[in-house]
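Student: The structure's right below; bear with me while I get my questions together.
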Amino acid sequence: MDLFECDNDVDLACELAPEIAGAEDGLEHDVLCSFGHLKYPGHDGTINNVRKAEENSVLGGLRQKLDAGLGDSLFRKYRGLAEACGDAWVKHEAQYKVIILGALMMGTGAKINAHDIQHLRHLASVVQSNEHFTLPFADTGFRGPSKRQFLAALDNYQPGTPRDYNQPSCHACGKSRQDTEKPLFKCGGCMDTFAVAWFCDRDCQKSVWSIHKPNCGANRNSISINV
Ligand SMILES: [Zn+2]
Ligand SMILES: [Zn+2]
């Protein structure tokens with residue numbers, strides 16, 4: 001499962017999108033709801049070059065807006081809301097919303113203050129992270145591989161270059177081709193299934209085998225659809 005494919009992730013992105021896009025519909029809104037890269041433009045599953053160019057110009061416009069102060073003020077607002085929460089469950093959701101905000105900002109290539117980057121790392125260490133199958137209503141924090149992908153995105157983030165969450169990322173270290181500059185490979189055990197684990201090298205594959213094993217290919221039971 002790629003980062004930000006959980007229903008809850010998309011719900012939170014769509015809640016934040018109007019605050020950045022300034023409207024509840026339109027291409028800016030759609031780009032944000034799909035974490036910076038339109039996955040299903042035209043709902044036919046194809047991304048053509050015209051659409052890609054359009055997407056890049058939309059990302060550029062969003063980045064400008066965020067860099068002009070909107071990004072900082074949104075971090076202040078949502079960090080403040082999370083810190084003010086008393087109820088543990090509400091606080092968890094509010095903290096995860098700050099993570100989604102950070103992910104959206106990286107998806108546009110916007111600048112993020114060093115202290116906000118630091119805070120995002122801290123939040124990633126405190127929110128719930130599920131390695132295995134979770135029922136949809138409990139699927140509220142990170143998936144394990146998504147957490148590692150988010151941390152790798154923070155570590156390797158280059159403002160001005162939109163982070164592409166749709167590229168496969170290593171199941172173990174979270175890096176994508178944007179970081180490794182070499183193609184990742186699919187786990188042999190699950191490469192023919194719809195939920196595939198990717199790795200950047202054999203050491204990474206070995207390091208998480210005990211976690212991945214129950215969810216890999218033939219070992220996966222019918223409900224364990226989270227990779
Ligand atoms: Zn790796
Ligand atoms: Zn596998």
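Letters for chains follow the order of the structure tokens (A, B, ...), residue numbers begin at 1 for each chain, and ligand numbers begin at 1 in the order shown.
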Compile a residue-level contact table for chain A against ligand 2 at a cut-off of 6 Å, reporting for every qualifying residue the shortest atom pair and its distance in Å to one decimal, with only C-alpha atoms and all ligand atoms counted, rows ordered by chain and ascending number, as JSON lines.
Tutor:
{"residue": "A:Cys187", "atom": "CA", "partner": "ligand 2", "partner_atom_place_in_ligand_line": "1 (Zn)", "distance": 4.6}
{"residue": "A:Gly189", "atom": "CA", "partner": "ligand 2", "partner_atom_place_in_ligand_line": "1 (Zn)", "distance": 4.4}
{"residue": "A:Cys190", "atom": "CA", "partner": "ligand 2", "partner_atom_place_in_ligand_line": "1 (Zn)", "distance": 4.1}
{"residue": "A:Ala197", "atom": "CA", "partner": "ligand 2", "partner_atom_place_in_ligand_line": "1 (Zn)", "distance": 5.4}
{"residue": "A:Cys216", "atom": "CA", "partner": "ligand 2", "partner_atom_place_in_ligand_line": "1 (Zn)", "distance": 3.7}
{"residue": "A:Gly217", "atom": "CA", "partner": "ligand 2", "partner_atom_place_in_ligand_line": "1 (Zn)", "distance": 5.5}
Student: Using only C-alpha atoms and all ligand atoms, find each protein or nucleic acid residue lying at most 6 Å from ligand 1; present the set as a JSON list (two decimals) with N, CA and C atoms, in the first residue's frame.
Tutor:
[["chain", "number", "residue", "atom", "x", "y", "z"],
["A", 170, "CYS", "N", 10.82, 2.11, -0.91],
["A", 170, "CYS", "CA", 11.33, 0.89, -0.27],
["A", 170, "CYS", "C", 10.53, 0.58, 0.98],
["A", 172, "ALA", "N", 11.37, -1.00, 3.45],
["A", 172, "ALA", "CA", 12.18, -0.99, 4.67],
["A", 172, "ALA", "C", 12.66, 0.42, 5.04],
["A", 173, "CYS", "N", 13.27, 1.13, 4.09],
["A", 173, "CYS", "CA", 13.87, 2.43, 4.45],
["A", 173, "CYS", "C", 13.04, 3.61, 3.95],
["A", 175, "LYS", "N", 12.84, 5.01, 1.10],
["A", 175, "LYS", "CA", 13.35, 5.84, 0.00],
["A", 175, "LYS", "C", 12.70, 5.46, -1.32],
["A", 199, "PHE", "N", 11.70, -2.84, -2.85],
["A", 199, "PHE", "CA", 12.92, -2.69, -2.04],
["A", 199, "PHE", "C", 14.00, -2.01, -2.86],
["A", 200, "CYS", "N", 14.91, -1.32, -2.14],
["A", 200, "CYS", "CA", 16.01, -0.69, -2.88],
["A", 200, "CYS", "C", 17.22, -1.60, -2.95],
["A", 201, "ASP", "N", 17.39, -2.51, -1.97],
["A", 201, "ASP", "CA", 18.45, -3.52, -2.08],
["A", 201, "ASP", "C", 18.13, -4.73, -1.19],
["A", 204, "CYS", "N", 17.89, -4.20, 2.64],
["A", 204, "CYS", "CA", 16.59, -3.65, 3.08],
["A", 204, "CYS", "C", 15.55, -4.76, 3.10]]
Student: Could you tell me which of A:Leu62, A:Val126, A:Ala153, A:Ala53 comes closest to A:Gln178 if we count only C-alpha atoms?
Tutor: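 Of all the options, A:Ala153 lies closest to A:Gln178.
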Student: List the spatial neighbours of A:Leu27 as a PyMOL selection string - criterion: any atom at most 9 Å away, only C-alpha atoms, same-chain residues fewer than 5 positions off excluded.
Tutor: chain A and resi 21+32+54-55+58
